[in-house]
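Student: This is the structure I want to talk about, given as structure tokens.
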Amino acid sequence: MTIDENQYTSKKISSLSFGIMSPKFMKAMASAKVVTPELYDKEGYPVDGGLMDVRLGVIDPGLKCKTCGSKLKECIGHFGYIELARPIIHIKFINVVLDTLRCTCKDCGRILIPKAKITKSVEELERIGKEMGLEERRKHVKKIIASLKTINQCPYCQAKQEKITIEKPTTIMEAEKRLSPVEIRSRLERVPDEDLEVFGINPKASRPEWMVLTVMPIPPVTMRPSITLESGERSEDDLTHKLGDIVRINQRLFENINAGAPEIIIEDLWDLLQYHITTFFDNEVAQLPPARHRSGQPLKTITARIKSKEGRIRHNLAGKRTNFSARTVISPDPKLNINEVGVPRVIAMNITIPERVTEWNMKYLKQFVEKGNKEYPGSNYIVRPDGKRKKITDETKEQLLEEIQPGFIVERHMMDGDIAIFNRQPSLHRMSMMCHKVRVLPGLTLRLNPAVCAPYNADFDGDEMNLHVPQTEEARAEAELLMEVQTQLISPRYGLSIIGCNQDAISGNYLLTKNMELPREEAVDLLASVGITDFTSLTNKKMMTGKEIFSFMLPSSFNFRGNSKSMPEDHKDYEVYIRDGELITGVMDKSNLGEGSGLLLRNIHKQYGREEMVEIIGRIYRLGIEVLMKYGFTVRVSDTDLTTKANEQVEAVIKEAYEKVAEMIQQFKDGTLEILPGRSLHETLELRILEKLNKARNETGQIVAENANQETDTMTMVKSGARGNLLNLAQMSACVGQQAMRGSRIEKGYEGRTLSCFKKDDLGPEAHGFIENGFKKGLKPHEMFFMSMTGRDSMMDTALRTPKSGYLYRRLANAMQDLKIEYDFTVRDASKKIIQFYYGEDGMDVSKSEAGQINVKNIIRNLK
Amino acid sequence: MWSRVQISSGPFIIKTKMVNKINQVKHNLIPLHEKLSEKDRTALLEKYNIESKELPRISIKDVAIQHLDVKEKDVIKITRKSHTAGTTTFYRGVVND
């Protein structure tokens, strides 16, 4: 786009400077002087010179602002001011005031640095500011201030300096005597401009005496609108209440001073005014009771509005909400493509996409208007060229249909093929926000292909996800080009496909490619249900092997060599060999098809590109599921059954371990146990017992592995890597094993014993959390109790660790967010400082590599 | 080795045991630090088009470079083990702070 820059720019900001408001400035910007705490007169009209003065802005509909003449919502409000009877220290500047007082002479106001050194200090500051940034400069200013505190004689007028202390929150003492704000202000006035630079204060923008208020700005009423309750009663904002207090006390102070009241009364009122003004700025000052409503809840004043999570910055500025987004529970749908997202119809009818009417698409867009907003796919709004939005309803649609012409915008319902950005928090990844194509579906949940669970780290135990619909052509193009699922297939973390098969898709393909053989008809049926329609390359054999069927998923020119980790190394199917798109040996398991493992998927991506890759993964995924659908897959309790012989073996192993442990305990009691180096006798015993019992559990696991029926579906899952492992199986069928807390056996409980059902000082396995039964057989009461102990412990552990590691990650991400690899392969930050001399120390782009390496052999092989 | 060191001026004399001095630079976990020659230094700065202060910093008091007789603005070459590249070199500019 070519926009003439000068055409639209009427004024340009060249610089911004921040400073403290001077009393003169406050008066100049004010449009009203506030003199009375009253708000409204008897008729309910704002009092002139009151806090709700009409010159301060409008908050009632229909009224016009007396200052600018605009209506409600157009007038942004105007400041007023009050003249304070006596100066008041601004609480937010109390530390600066204190530092300035301490560092300057009480008589002549000069900084306590000899003349010759001042220019040097300023130059030093400038240098540090330039070289190391503002942060360092501020640190240096603090150092200077700290060094000046101890000087007790003015180098200019030789006056002796008293020690100045602060009595929090706002009282400043000089050698046991209180300094009044009047005195403080006059001292600050005496500090010359050129000395201020050493404190890091820019005298043009902020003089220190301005930190002691003589005039106070009254914020506009638009910043503190009053609300009208149903009863017709008016309720004022917290700030208005506080300002009322300030004005009231201020008036009383004036009157008392004019009447010549005793000093004590004036000082009391003065302190009260100081309190009110302090709490007006900050109601959470330490050592100061917060100002409260009559109900007892503290007032929310200016600081509370800005800071903390609910404050203006984090809540309203950093935490903006967006339109055209949706959020619900997610559920899986393997029939969707990997780059699709299923959107409930109710959402599709609520989120719209604007399309501009041209003479070529007029007929097409009119269809949506005709349908109205209640029928899908319809439209909700029409925007006229002048910007007027018209809602489409059954009543208005006929009229709008006639009105419509090129230049209008129709906001039609979301439809299949539209672009949407799908996201799951926490968004730790770039893969946590990917662009999908919309598929409008019945139901109320957002649907996604389970293969994309891995990049989102999603499951379906109640997870919710967000959907954003870009509204302009540019945004859609950008989202599609940069964020679509296809573009995110290879993880930049380890250079392998992060999207692959999981769960049923793995066990299905495993069964298929291992030793399945099926008649041609069934094979065709299977392939058709996956979405293959072209069977010209299908051989004419009566029976087809699973490998042949799987080969249909692969491009016909694909060559690959790899390993199946699920097969023993001497088995012929250990080696995966794909020649010209034909799977010759090898089975498909997790090491080949899984998420983030194996080079099979990585090589497909490299040779055939992202579009083909999504297609292939989708097909393989569906094939796996179809296989299970057709041939059945059931996990039974009997899968965990052992033979009588195996059961006896397990019992023997545990019995033997018990005996060994008893023997060790006896040795311990006799004192003949051999002590391990660096351990006490008792520690040695514990370690030895733990070692022995763990060995016993592993042995039972071994027995289970050897004796379990290899043909069961549970074993299929374990072997293919789809779900579960041998340990899980052993825990179900044989022995759960030792429960450990903090790396040792369970010690907690009563004095000398863990539970009251044991004898005191029983060191045996049962009394310290060894569970000899399997889950299927069932746990004894004390075993169940130990199990719940470790269960609770590990649950707490994860619950406490997640936010901690999340914060750790966040800090890391924030620290590294502006790092960039330059063209000379150095990693530098925003100020071009070098962080790393050669990216990753090997200069490799992991997302362009295969598992962090470059397979030179493969490249050469493919050159031929 | 025992040495008597009077730490407090009070009536107590605190005896401290001196540990045999360990040569930290030879420690397994301290990578090799070398000083770049003036020629190499200018070549490096020219290669990356930077000034000495834009380099990562190392304190002049750092234990690992005490034996190198360094002064401010020298460049230290560090050769360390790397997970990705076997060995890698890193450069730091000496600062006095």
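The chains in the structure tokens are called A, B, ... from first to last as shown; in each chain the residues are counted from 1, and the ligands are counted from 1 in the order shown.
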Counting only C-alpha atoms, what is within 10 Å of segment 666-678 of chain A, bar same-chain residues fewer than 6 positions away, as a PyMOL selection string?
Tutor: chain A and resi 660+684-685+687-688
Student: Let's have the selection written as a tab-separated table (two decimals), in the first residue's frame, with N, CA and C atoms.
Tutor:
chain	number	residue	atom	x	y	z
A	660	LYS	N	15.34	-61.66	53.33
A	660	LYS	CA	16.61	-60.92	53.26
A	660	LYS	C	16.55	-59.68	54.15
A	684	THR	N	22.38	-46.78	56.50
A	684	THR	CA	22.83	-47.93	55.71
A	684	THR	C	21.72	-48.97	55.60
A	685	LEU	N	21.10	-49.24	56.74
A	685	LEU	CA	20.02	-50.23	56.74
A	685	LEU	C	18.91	-49.80	55.81
A	687	LEU	N	18.95	-47.80	53.29
A	687	LEU	CA	19.34	-47.86	51.88
A	687	LEU	C	19.34	-49.29	51.37
A	688	ARG	N	19.89	-50.17	52.20
A	688	ARG	CA	19.96	-51.57	51.78
A	688	ARG	C	18.57	-52.16	51.62
Student: Give me, as a list in words, the contact residues of chain A against chain B at a cut-off of 8 Å, counting only C-alpha atoms.
Tutor: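 Therefore, the residues near the partner are Asp824, Lys832, Lys833, Ile834, Ile835, Gln836, Phe837, Gly840, Glu841 and Asp842 of chain A.
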Student: Please return, as a list of chain:residue names, all residues of segment 100-237 of chain A that DSSP assigns to strand (DSSP E) on the basis of the backbone.
Tutor: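 The strand (DSSP E) subset of segment 100-237 of chain A is A:Ile164, A:Thr165, A:Ile166, A:Glu167, A:Thr171, A:Ile172, A:Met173, A:Glu174, A:Lys177, A:Arg178, A:Leu179, A:Val212, A:Leu213, A:Thr214, A:Val215, A:Met216, A:Pro217, A:Ile218, A:Ile227, A:Thr228, A:Arg234, A:Ser235.
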Student: Using only C-alpha atoms, find the one residue out of A:Arg110, A:Lys73, A:Lys168, A:Lys759 that sits nearest to Val285 of chain A.
Tutor: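 Smallest distance to Val285 of chain A is found for A:Lys168.
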Student: Would you mind listing what lies within 8 Å of segment 207-222 of chain A as a ChimeraX atom specification, with only C-alpha atoms counted and same-chain residues fewer than 4 positions away left out?
Tutor: /A:20-23,26-27,30,34,51-52,56-59,76-90,93-94,97,100,181,185-186,188-189,201-203,243
Student: For atom CA of Phe775 of chain A and atom CA of Phe758 of chain A, quote the distance in Å rounded to one decimal.
Tutor: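 One can read the atom CA of Phe775 of chain A to atom CA of Phe758 of chain A distance as 22.7 Å.
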Student: For Glu747 of chain A, which residue out of A:Ala767, A:Cys735, A:Leu690, A:Ala652 is the nearest one, using only C-alpha atoms?
Tutor: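 Smallest distance to Glu747 of chain A is found for A:Ala767.
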Student: Going by DSSP on the backbone, which residues of segment 466-586 of chain A come out as alpha helix (DSSP H)? List them as a ChimeraX atom specification.
Tutor: /A:473-483,504-515,520-530,546-551
Student: Would you mind telling me which residue in A:Ile549, A:Ile353, A:Ala722, A:Ile118 lies nearest to Glu582 of chain A when using only C-alpha atoms?
Tutor: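 Under the stated criterion, the closest residue is A:Ile549.
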Student: Considering only C-alpha atoms, state which residue in the set B:Glu34, B:Asp40, B:Glu46, B:Asp97 is at the smallest distance from Leu68 of chain B.
Tutor: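 So, comparing all the options, the nearest one is B:Glu34.
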